[in-house]
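Undergrad: Starting off with a structure, shown below.
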2 protein chains.
Amino acid sequence: MRTRTRQRQPTRRATRSVSPLPGGTLLSGADALMPARVMLANPACNLGESQHCEHVLVDRELNKALYGYEGMLQARFDGVDETLKAVAELPRDEGFVARAQQLACTRLGCELPAFMLQGPWIAGLDMPALYAHCLFEMCRHSVAQAPQEQQSWLKGMAIDDAFLTECGYHTLDITPCADGRLQGVLPFVLRIAPTSDAVVLKAYAGALFDIELDMADWSQRELAQRLSGRRETRYLKMAVYHYSSSKPSSEGCAAHGSDEQAARDAAIDRLRQLRNGIAQAFGAGLGPDVLLLGVDTDLDAIRVHFPDANGEPTATATVDAARIYRETLGMTAEQARAHIASAVEQVADKLRSTGRAGMKALIARLLEANLSQIEYVIQHHEGRYESLGHGERFICVGDPIDDLQMRNLYYFAHLDTLEEGAACVDVGMHIFEKLNLSRGFPIPVIVHFSYASVIPGARERVIERGERVMSAIQARYRDRMPSGMIKFALCVSDATGAERLALVRECVTNAQAGNSEGMVS
Amino acid sequence: MRTRTRQRQPTRRATRSVSPLPGGTLLSGADALMPARVMLANPACNLGESQHCEHVLVDRELNKALYGYEGMLQARFDGVDETLKAVAELPRDEGFVARAQQLACTRLGCELPAFMLQGPWIAGLDMPALYAHCLFEMCRHSVAQAPQEQQSWLKGMAIDDAFLTECGYHTLDITPCADGRLQGVLPFVLRIAPTSDAVVLKAYAGALFDIELDMADWSQRELAQRLSGRRETRYLKMAVYHYSSSKPSSEGCAAHGSDEQAARDAAIDRLRQLRNGIAQAFGAGLGPDVLLLGVDTDLDAIRVHFPDANGEPTATATVDAARIYRETLGMTAEQARAHIASAVEQVADKLRSTGRAGMKALIARLLEANLSQIEYVIQHHEGRYESLGHGERFICVGDPIDDLQMRNLYYFAHLDTLEEGAACVDVGMHIFEKLNLSRGFPIPVIVHFSYASVIPGARERVIERGERVMSAIQARYRDRMPSGMIKFALCVSDATGAERLALVRECVTNAQAGNSEGMVS
């Protein structure tokens, strides 16, 4: 049986599995892969057979590098299923452990925990525990390898700290939906470097971010600016809602009943509340700039909503990247950029938008960057993702994993406590009931929090927080989910040091649940 | 049977119960009451029979006003027990409801919820529900009446916004223990106006405040200062631990096993972590000033720990207010103030303390203010509280009730979520198992959060938070406490408007638990 990912990418990946290297070893970009011709309906590019969709502003090198990275990650995670299936098929004779380790080392690049292989024959193998452990290993490996594996595309990102500063922003606080299809929004959809210091990523189901938490973040970052004597740059809050153009009533945002307008309006409400809240609490004119984006998750094409004359987000005054793509295909780079700039100015003028030059420059850059992603989906995903819906492999709760962001790799619920974030996690669990439990697979959950090692005691406190959240999840779903089928890895990252997604403890076997005996770390 | 409070104040309160006014109606101060002579052992004043403990720096008018207020509140809350006992003794014939309402109106100044009196005879009266409802009514009544009832003493507080500014502080962030014996720390022990804008009160079991939350508060208030162009004043964090000089090993701080040194050292650790955390995160020298106080809860006498040459809190370099009282008794006001100033300077010099003139002025004022409270306990509580231990009447979780603060009136756990504050609430529940459940009384819990009405949607969000915390408490103690014996009132206060301890909903009967039917509001 082919895995879901392989079903999505049937022909072009076929050669990969015969590689002698562990699944997911990075080859040199995606050089060997032929660019696909596109004949599918796509609002950006719906040309006849004889023409290529090749837009002058698309960064083809970057697309190649991202495609290579995407394929490698998919193969690495697919490797978990394949390898463990092979382990399950091995005879459990005296050579079993050695052969299983051999398989794991060759295909996954890691050993399996010996105690999980050495149980008595009566107990059988705990495959869900092995599965969760290996999946967590692949996450940690991907993060550890990120500096090498992301090198080819990270430097090509269209939007980074320097560009944000140029646009007049010290912070880009971005809230997409927690939905897995939005988890590639930074590096893929918007070509924003996810490791930028200026970028703060906080995903919530339905993009319903926490006003009070955002106000606290705003204060801390504004204060830090003022303390370092910088007063010329601003805080930008961006909310990203999503919808499906192919199946609008079933594959849109679940938190808003797959209703595109409801998702959009809810995001507008939150942005208004945040902006006005800060203005009321700290002074008129101090509210952050706000920007609203919509993403068609079938195409990864964005729609930018302009702020109006008062700086408030608007429902209808938008520029669509897919339309820009179609309108500018065949132009020179200069013509295409002029067209984008003019489209931005036109909408801004119509609204008498207060957007400053910096915001307009950022919008234009977001649109241009998205043209690359539109063509990426055209070239590498047949113009429209084959899998329109969920395909996440795990749930991440807590803080974002900066070094591991890709469409449908995971569902991400930003939270400090389950008490506040339960609605988000409920949505994630519901998705995984269908995706995993229905097939006998467990639900892997990475509880991940970041700390600043320069702050005394911060690591200990963040581990306490993680333990609290883990216990709270265990308690909440104890009666709602099959026993032992939620598997945990508690991880921490150091925002001011080198530690990244470091494992504090794993809780994948029944012996590990509720205590720290038999820890794998 | 006399109530516990009456047992504590046997002779001087005896005339009160014959008053035709509802229990707890404020008479003019405490004029009619004779000041008591003191012959008990007290480190501040242990004189022979022929002498009065009357210190020149004691504000006797203020003490009188506070004593009147304390007696009135005690009587008001005692009235709940007495009135309901009388209601329980009434024959349940056709005149029962009218007579019960008559009693409640006369003695408590309020009606009882009719539906609680009109149940079928087979069900009996739900006395725990009536008790919790009446107690919540008395709280709300006390807060509503606070402007009138506190007028006589609020204006006399030794430390208010103006004085704090004079000392160079824009904020006094104070964390006492959650213990009820510390809930009079502001108006009584330290004579700090609890309604001051500069004062932020956050009680935690063992004074173990939340570093990250404090850093967020620090940022918001520092930023607000800088935005209004004020840069000359600072943030002061004060932690208050406690101990019992009479029964050190049983009536000290429960969170630290009644170990005075452990309580002190834990507070020092937190203060250091906060100070260094802010310095590391925002810049050297930016950490707040810190101050550590110890309170002997038998006497309400304070001990001030000085910061050392680096501004860090110290364990041993202290000034004791009880000693100051004894040393300066009999002096003129000028001599006594000079003595206090010299004691402060001496310790500061010995440490080469970095405490600026403002901090020294504040310490001197705290010591002087505490002399009044020491004499208050001498005059009005026989030199040492008769009840050394717990005597709380309810639990408050969430934000502080600025307008209702008194020793042993309630246990206060500051929290945003039960997930983070569970340890604090556990301690409170444990106290109430002994205090109330053992006698068949329920555990009344006020879930109280403050919001700023100028911020759009803040009230709705704070109610959602309250509902979350209430549900979380119900879930946590469902199997640990007798069914239905935790009673709730969810209340909110507007930090920027007039609403104070407004009832959102009560949940005191079984019908109200888990839904909003039969709401009393």
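In the structure tokens, each chain is lettered A, B, ... as it comes, each chain's residues begin at 1, and ligands are numbered from 1 in order of appearance.
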Got a sec: who's within 9 Å of Ala458 (chain A), counting only C-alpha atoms, leaving out chain neighbours fewer than 6 positions off, as a list in words?

TA: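 So, after excluding close chain neighbours, the residues are Tyr451 and Ala452 of chain A; Ile211, Glu212, Gln273 and Gly277 of chain B.
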
Undergrad: Got a sec: who's within 10 Å of Ala262 (chain A), counting only C-alpha atoms, leaving out chain neighbours fewer than 5 positions off, as a PyMOL selection string?

TA: chain A and resi 206+241+253+255-257+267-268

Undergrad: Go ahead and write the selection's residues with N, CA, C and O atoms as a JSON list (two decimals), in the first residue's frame.

TA:
```
[["chain", "number", "residue", "atom", "x", "y", "z"],
["A", 206, "GLY", "N", -9.17, 28.71, 13.53],
["A", 206, "GLY", "CA", -9.97, 29.81, 13.03],
["A", 206, "GLY", "C", -9.26, 31.16, 13.08],
["A", 206, "GLY", "O", -9.89, 32.20, 12.91],
["A", 241, "TYR", "N", -6.74, 33.96, 7.25],
["A", 241, "TYR", "CA", -7.83, 32.98, 7.23],
["A", 241, "TYR", "C", -7.68, 32.15, 5.96],
["A", 241, "TYR", "O", -6.84, 32.43, 5.12],
["A", 253, "CYS", "N", -12.33, 26.41, 6.46],
["A", 253, "CYS", "CA", -11.88, 26.41, 7.84],
["A", 253, "CYS", "C", -12.93, 25.75, 8.75],
["A", 253, "CYS", "O", -14.05, 26.25, 8.87],
["A", 255, "ALA", "N", -13.13, 25.57, 11.92],
["A", 255, "ALA", "CA", -13.52, 26.37, 13.08],
["A", 255, "ALA", "C", -14.66, 27.33, 12.75],
["A", 255, "ALA", "O", -15.34, 27.82, 13.64],
["A", 256, "HIS", "N", -14.83, 27.62, 11.46],
["A", 256, "HIS", "CA", -15.92, 28.53, 11.05],
["A", 256, "HIS", "C", -16.90, 27.80, 10.14],
["A", 256, "HIS", "O", -17.52, 28.41, 9.26],
["A", 257, "GLY", "N", -17.04, 26.49, 10.33],
["A", 257, "GLY", "CA", -18.01, 25.71, 9.57],
["A", 257, "GLY", "C", -17.78, 25.80, 8.08],
["A", 257, "GLY", "O", -18.72, 25.80, 7.30],
["A", 267, "ALA", "N", -11.76, 37.13, 11.70],
["A", 267, "ALA", "CA", -10.39, 37.66, 11.75],
["A", 267, "ALA", "C", -10.42, 39.18, 11.80],
["A", 267, "ALA", "O", -9.65, 39.82, 12.54],
["A", 268, "ILE", "N", -11.32, 39.78, 11.02],
["A", 268, "ILE", "CA", -11.44, 41.25, 11.04],
["A", 268, "ILE", "C", -11.82, 41.73, 12.44],
["A", 268, "ILE", "O", -11.25, 42.70, 12.95]]
```

Undergrad: Please identify all polymer residues within 10 Å of Leu213 (chain A), counting only C-alpha atoms, omitting same-chain residues fewer than 6 positions from it, and present them as a list in words.

TA: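 Here the answer would be Ser219, Leu274, Leu415 and Asp416 of chain A; Ala216 of chain B.
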
Undergrad: Could you save those same residues with all heavy atoms as a compact mmCIF listing (two decimals), in the first residue's frame?

TA:
```txt
# COMPACT_ATOMS: atom_id res chain seq x y z
N SER A 219 3.33 44.91 24.08
CA SER A 219 4.00 45.74 25.09
C SER A 219 5.47 45.39 25.20
O SER A 219 6.34 46.27 25.24
CB SER A 219 3.42 45.54 26.48
OG SER A 219 2.05 45.53 26.46
N LEU A 274 -7.97 44.09 18.78
CA LEU A 274 -6.58 44.25 19.22
C LEU A 274 -6.13 45.70 19.02
O LEU A 274 -5.56 46.32 19.92
CB LEU A 274 -5.67 43.31 18.43
CG LEU A 274 -4.17 43.49 18.72
CD1 LEU A 274 -3.85 43.10 20.16
CD2 LEU A 274 -3.32 42.65 17.76
N LEU A 415 -0.49 27.89 22.45
CA LEU A 415 -1.16 28.09 23.74
C LEU A 415 -0.14 28.12 24.88
O LEU A 415 1.00 27.68 24.71
CB LEU A 415 -2.18 26.97 24.01
CG LEU A 415 -1.75 25.50 23.87
CD1 LEU A 415 -0.93 25.04 25.04
CD2 LEU A 415 -2.99 24.62 23.76
N ASP A 416 -0.57 28.69 25.98
CA ASP A 416 0.23 28.66 27.21
C ASP A 416 -0.33 27.64 28.19
O ASP A 416 0.40 27.05 28.98
CB ASP A 416 0.23 30.04 27.89
CG ASP A 416 1.25 30.97 27.27
OD1 ASP A 416 2.16 30.48 26.56
OD2 ASP A 416 1.14 32.19 27.47
N ALA B 216 5.54 40.37 32.31
CA ALA B 216 4.54 40.97 31.42
C ALA B 216 3.95 42.23 32.06
O ALA B 216 3.79 43.26 31.41
CB ALA B 216 3.45 39.96 31.09
```

Undergrad: Using only C-alpha atoms, I'd like every residue of chain B that has an atom within 8 Å of chain A; please write them out as a PyMOL selection string.

TA: chain B and resi 216+219-220+222-224+227+273+276-278+280-282+417-420+454-457+465+468-469+472

Undergrad: Go through region 38-258 of chain A and collect every residue that DSSP, computed from the backbone, puts in strand (DSSP E); the answer should be as number ranges by chain.

TA: A: 169-175, 199-201, 234-243

Undergrad: Please give the complete set of residues from region 235-346 of chain B that DSSP, run on the backbone, assigns to helix (DSSP H, G or I), formatted as a count of residues only.

TA: 48

Undergrad: For Gln183 (chain B), find every residue with an atom within 10 Å (counting only C-alpha atoms), except residues of its own chain fewer than 4 positions away, and show them as a list in words.

TA: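 Using only C-alpha atoms, the neighbours found are Pro176, Cys177, Ala178, Asp179, Pro187, Phe188, Val189, Ala203, Glu392, Pro400, Leu404, Gln405, Met406, Arg407, Asn408, Leu409, Tyr410, Tyr411 and Phe412 of chain B.
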
Undergrad: Would you put the residues from that selection into a file with C-alpha atoms, as a short mmCIF file (atom, residue, chain, number, x, y, z; two decimals), in the first residue's frame?

TA:
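Result file follows (selection_7.cif):
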```cif
data_model
loop_
_atom_site.label_atom_id
_atom_site.label_comp_id
_atom_site.auth_asym_id
_atom_site.auth_seq_id
_atom_site.Cartn_x
_atom_site.Cartn_y
_atom_site.Cartn_z
CA PRO B 176 1.81 38.29 49.91
CA CYS B 177 0.93 34.69 50.60
CA ALA B 178 -2.55 33.57 49.56
CA ASP B 179 -3.17 32.76 53.27
CA PRO B 187 -4.89 48.54 54.69
CA PHE B 188 -4.09 47.12 58.12
CA VAL B 189 -0.51 45.82 58.35
CA ALA B 203 -1.27 36.76 46.22
CA GLU B 392 -11.24 32.51 56.32
CA PRO B 400 -7.99 40.93 43.96
CA LEU B 404 -12.70 44.29 50.56
CA GLN B 405 -9.49 43.40 52.34
CA MET B 406 -9.27 42.16 55.91
CA ARG B 407 -7.38 39.55 57.91
CA ASN B 408 -8.89 36.09 57.57
CA LEU B 409 -11.90 37.27 55.59
CA TYR B 410 -10.86 35.15 52.64
CA TYR B 411 -8.11 33.09 51.06
CA PHE B 412 -6.95 34.75 47.84
#
```

Undergrad: Using only C-alpha atoms, which residues sit within 12 Å of Ser246 (chain B) once same-chain residues fewer than 3 positions away are excluded, as number ranges by chain?

TA: B: 41-43, 243, 249-252, 296-299, 383-389

Undergrad: For the residues in the current selection, export all heavy atoms as a tab-separated table (two decimals), in the first residue's frame.

TA:
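Written out: again13.tsv:
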```
chain	number	residue	atom	x	y	z
B	41	ALA	N	2.37	39.07	76.81
B	41	ALA	CA	3.73	39.14	76.27
B	41	ALA	C	3.67	39.55	74.81
B	41	ALA	O	2.96	38.97	74.01
B	41	ALA	CB	4.39	37.77	76.38
B	42	ASN	N	4.38	40.59	74.48
B	42	ASN	CA	4.45	41.08	73.11
B	42	ASN	C	5.81	41.73	72.97
B	42	ASN	O	6.18	42.57	73.78
B	42	ASN	CB	3.33	42.11	72.88
B	42	ASN	CG	3.30	42.62	71.45
B	42	ASN	OD1	4.31	43.09	70.93
B	42	ASN	ND2	2.15	42.54	70.82
B	43	PRO	N	6.58	41.37	71.96
B	43	PRO	CA	7.94	41.91	71.84
B	43	PRO	C	7.96	43.42	71.65
B	43	PRO	O	8.97	44.06	71.88
B	43	PRO	CB	8.50	41.18	70.61
B	43	PRO	CG	7.31	40.71	69.85
B	43	PRO	CD	6.24	40.46	70.87
B	243	TYR	N	5.15	34.25	59.17
B	243	TYR	CA	5.51	33.24	60.17
B	243	TYR	C	4.69	33.54	61.43
B	243	TYR	O	4.03	34.58	61.53
B	243	TYR	CB	7.00	33.27	60.46
B	243	TYR	CG	7.52	34.64	60.87
B	243	TYR	CD1	7.69	34.98	62.21
B	243	TYR	CD2	7.81	35.61	59.91
B	243	TYR	CE1	8.14	36.24	62.58
B	243	TYR	CE2	8.25	36.87	60.26
B	243	TYR	CZ	8.41	37.18	61.60
B	243	TYR	OH	8.83	38.43	61.95
B	249	SER	N	6.09	26.30	64.37
B	249	SER	CA	6.14	25.08	63.57
B	249	SER	C	4.77	24.61	63.10
B	249	SER	O	4.66	23.63	62.37
B	249	SER	CB	6.83	23.97	64.36
B	249	SER	OG	6.12	23.76	65.56
B	250	SER	N	3.70	25.32	63.52
B	250	SER	CA	2.38	24.87	63.06
B	250	SER	C	1.55	25.99	62.41
B	250	SER	O	0.74	25.73	61.54
B	250	SER	CB	1.58	24.27	64.21
B	250	SER	OG	1.28	25.27	65.18
B	251	GLU	N	1.78	27.24	62.79
B	251	GLU	CA	0.94	28.31	62.27
B	251	GLU	C	1.67	29.25	61.33
B	251	GLU	O	1.25	30.37	61.08
B	251	GLU	CB	0.30	29.10	63.43
B	251	GLU	CG	-0.66	28.29	64.30
B	251	GLU	CD	-1.90	27.78	63.55
B	251	GLU	OE1	-2.11	28.15	62.38
B	251	GLU	OE2	-2.64	26.98	64.16
B	252	GLY	N	2.82	28.80	60.80
B	252	GLY	CA	3.52	29.59	59.78
B	252	GLY	C	2.91	29.36	58.42
B	252	GLY	O	1.73	29.03	58.30
B	296	ASP	N	4.89	38.70	61.07
B	296	ASP	CA	4.52	37.79	62.15
B	296	ASP	C	3.00	37.89	62.27
B	296	ASP	O	2.46	38.90	62.74
B	296	ASP	CB	5.19	38.24	63.45
B	296	ASP	CG	4.80	37.36	64.64
B	296	ASP	OD1	3.86	36.53	64.50
B	296	ASP	OD2	5.42	37.51	65.71
B	297	THR	N	2.31	36.85	61.80
B	297	THR	CA	0.84	36.96	61.72
B	297	THR	C	0.16	36.90	63.08
B	297	THR	O	-1.04	37.15	63.18
B	297	THR	CB	0.25	35.84	60.82
B	297	THR	OG1	0.75	34.59	61.28
B	297	THR	CG2	0.63	36.05	59.37
B	298	ASP	N	0.89	36.61	64.15
B	298	ASP	CA	0.30	36.67	65.49
B	298	ASP	C	0.13	38.12	65.93
B	298	ASP	O	-0.78	38.44	66.70
B	298	ASP	CB	1.21	35.99	66.52
B	298	ASP	CG	1.49	34.54	66.16
B	298	ASP	OD1	0.89	34.04	65.19
B	298	ASP	OD2	2.33	33.92	66.84
B	299	LEU	N	1.06	38.97	65.46
B	299	LEU	CA	1.13	40.35	65.94
B	299	LEU	C	0.91	41.38	64.84
B	299	LEU	O	0.76	42.57	65.12
B	299	LEU	CB	2.53	40.63	66.53
B	299	LEU	CG	3.14	39.61	67.49
B	299	LEU	CD1	4.58	39.99	67.78
B	299	LEU	CD2	2.33	39.58	68.78
B	383	GLY	N	-3.05	42.12	72.22
B	383	GLY	CA	-1.60	42.06	72.02
B	383	GLY	C	-1.17	40.95	71.09
B	383	GLY	O	-0.04	40.94	70.59
B	384	ARG	N	-2.04	40.03	70.86
B	384	ARG	CA	-1.71	38.87	70.02
B	384	ARG	C	-3.07	38.31	69.60
B	384	ARG	O	-3.95	38.13	70.44
B	384	ARG	CB	-0.94	37.85	70.87
B	384	ARG	CG	-0.16	36.81	70.11
B	384	ARG	CD	0.69	35.96	71.07
B	384	ARG	NE	1.93	36.60	71.49
B	384	ARG	CZ	3.07	36.55	70.78
B	384	ARG	NH1	3.12	35.88	69.67
B	384	ARG	NH2	4.15	37.15	71.22
B	385	TYR	N	-3.24	38.04	68.30
B	385	TYR	CA	-4.55	37.55	67.87
B	385	TYR	C	-4.92	36.30	68.65
B	385	TYR	O	-4.09	35.40	68.81
B	385	TYR	CB	-4.55	37.25	66.38
B	385	TYR	CG	-4.61	38.50	65.52
B	385	TYR	CD1	-3.50	38.93	64.81
B	385	TYR	CD2	-5.78	39.26	65.43
B	385	TYR	CE1	-3.54	40.07	64.02
B	385	TYR	CE2	-5.83	40.41	64.64
B	385	TYR	CZ	-4.71	40.81	63.94
B	385	TYR	OH	-4.76	41.94	63.17
B	386	GLU	N	-6.15	36.25	69.12
B	386	GLU	CA	-6.58	35.06	69.83
B	386	GLU	C	-6.59	33.86	68.89
B	386	GLU	O	-6.15	32.78	69.24
B	386	GLU	CB	-7.98	35.28	70.42
B	386	GLU	CG	-8.36	34.19	71.39
B	386	GLU	CD	-9.71	34.48	72.04
B	386	GLU	OE1	-10.10	35.65	72.16
B	386	GLU	OE2	-10.37	33.50	72.45
B	387	SER	N	-7.07	34.12	67.69
B	387	SER	CA	-7.07	33.05	66.70
B	387	SER	C	-5.83	33.20	65.83
B	387	SER	O	-5.76	34.08	64.97
B	387	SER	CB	-8.32	33.15	65.83
B	387	SER	OG	-8.16	32.34	64.69
B	388	LEU	N	-4.82	32.36	66.09
B	388	LEU	CA	-3.56	32.48	65.37
B	388	LEU	C	-3.64	31.87	63.97
B	388	LEU	O	-2.86	32.22	63.09
B	388	LEU	CB	-2.44	31.77	66.14
B	388	LEU	CG	-2.15	32.31	67.54
B	388	LEU	CD1	-1.10	31.44	68.23
B	388	LEU	CD2	-1.67	33.76	67.49
B	389	GLY	N	-4.57	30.95	63.80
B	389	GLY	CA	-4.58	30.18	62.55
B	389	GLY	C	-5.60	30.69	61.55
B	389	GLY	O	-5.94	31.87	61.53
```

Undergrad: Tell me, as a list of chain:residue names, which residues lie within 10 Å of Lys237 (chain B), counting only C-alpha atoms; anything in the same chain fewer than 2 positions away does not count.

TA: B:Thr171, B:Leu172, B:Asp173, B:Ile174, B:Thr175, B:Val200, B:Asp214, B:Trp218, B:Arg234, B:Tyr235, B:Ala239, B:Leu271, B:Leu274, B:Arg275, B:Gly287, B:Pro288, B:Asp289, B:Val290, B:Leu291, B:Leu292

Undergrad: Mind writing the picked residues with N, CA and C atoms as a short mmCIF file (atom, residue, chain, number, x, y, z; two decimals), in the first residue's frame?

TA:
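The resulting result.cif:
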```
data_model
loop_
_atom_site.label_atom_id
_atom_site.label_comp_id
_atom_site.auth_asym_id
_atom_site.auth_seq_id
_atom_site.Cartn_x
_atom_site.Cartn_y
_atom_site.Cartn_z
N THR B 171 4.93 52.03 40.33
CA THR B 171 4.18 50.82 40.62
C THR B 171 4.73 50.15 41.87
N LEU B 172 3.82 49.71 42.74
CA LEU B 172 4.19 48.83 43.84
C LEU B 172 3.45 47.52 43.59
N ASP B 173 4.20 46.53 43.09
CA ASP B 173 3.64 45.21 42.78
C ASP B 173 3.93 44.34 43.99
N ILE B 174 2.88 43.96 44.71
CA ILE B 174 3.09 43.30 46.00
C ILE B 174 2.48 41.90 46.00
N THR B 175 3.28 40.93 46.37
CA THR B 175 2.83 39.55 46.47
C THR B 175 2.94 39.05 47.90
N VAL B 200 -0.44 47.01 42.78
CA VAL B 200 -0.89 45.80 42.11
C VAL B 200 -0.72 44.66 43.10
N ASP B 214 4.79 38.39 35.97
CA ASP B 214 5.32 39.64 36.52
C ASP B 214 6.13 40.40 35.46
N TRP B 218 5.36 44.08 34.33
CA TRP B 218 6.44 45.08 34.34
C TRP B 218 6.51 45.79 32.99
N ARG B 234 10.23 54.34 39.02
CA ARG B 234 10.57 52.94 38.82
C ARG B 234 9.48 51.99 39.28
N TYR B 235 9.73 50.72 39.00
CA TYR B 235 8.81 49.64 39.37
C TYR B 235 9.37 48.97 40.62
N ALA B 239 7.77 41.27 47.98
CA ALA B 239 7.22 39.96 48.36
C ALA B 239 7.07 39.95 49.88
N LEU B 271 12.41 36.85 43.87
CA LEU B 271 12.75 38.26 43.63
C LEU B 271 14.01 38.35 42.77
N LEU B 274 13.22 37.34 39.15
CA LEU B 274 12.49 38.39 38.43
C LEU B 274 13.43 39.52 38.03
N ARG B 275 14.21 39.97 39.00
CA ARG B 275 15.09 41.11 38.78
C ARG B 275 16.11 40.79 37.68
N GLY B 287 16.15 45.93 35.73
CA GLY B 287 15.38 45.12 36.68
C GLY B 287 14.73 46.02 37.71
N PRO B 288 13.56 45.64 38.21
CA PRO B 288 12.86 46.48 39.17
C PRO B 288 13.59 46.50 40.51
N ASP B 289 13.33 47.52 41.31
CA ASP B 289 13.75 47.49 42.71
C ASP B 289 12.96 46.37 43.38
N VAL B 290 13.60 45.71 44.35
CA VAL B 290 12.88 44.65 45.05
C VAL B 290 12.98 44.86 46.56
N LEU B 291 11.96 44.43 47.26
CA LEU B 291 11.91 44.59 48.71
C LEU B 291 11.23 43.35 49.28
N LEU B 292 11.79 42.85 50.39
CA LEU B 292 11.22 41.65 51.01
C LEU B 292 10.75 42.00 52.42
#
```

Undergrad: Kindly give the distance, in Å, that separates CA of Gly466 (chain A) and CA of Met238 (chain A), rounded to a single decimal.

TA: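 CA of Gly466 (chain A) sits 27.1 Å away from CA of Met238 (chain A).
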
Undergrad: Counting only C-alpha atoms, which residue out of B:Asp259, B:Glu166, B:Glu506, B:Asp265 sits closest to Arg365 (chain B)?

TA: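 Using only C-alpha atoms, Arg365 (chain B) sits closest to B:Glu166.
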
Undergrad: So that I can check the surroundings of region 110-116 of chain B, please list as an NGL selection string every protein, DNA and RNA residue that reaches within 6 Å of it, counting only C-alpha atoms and ignoring chain neighbours fewer than 3 positions away.

TA: :B and (101 or 104-105)
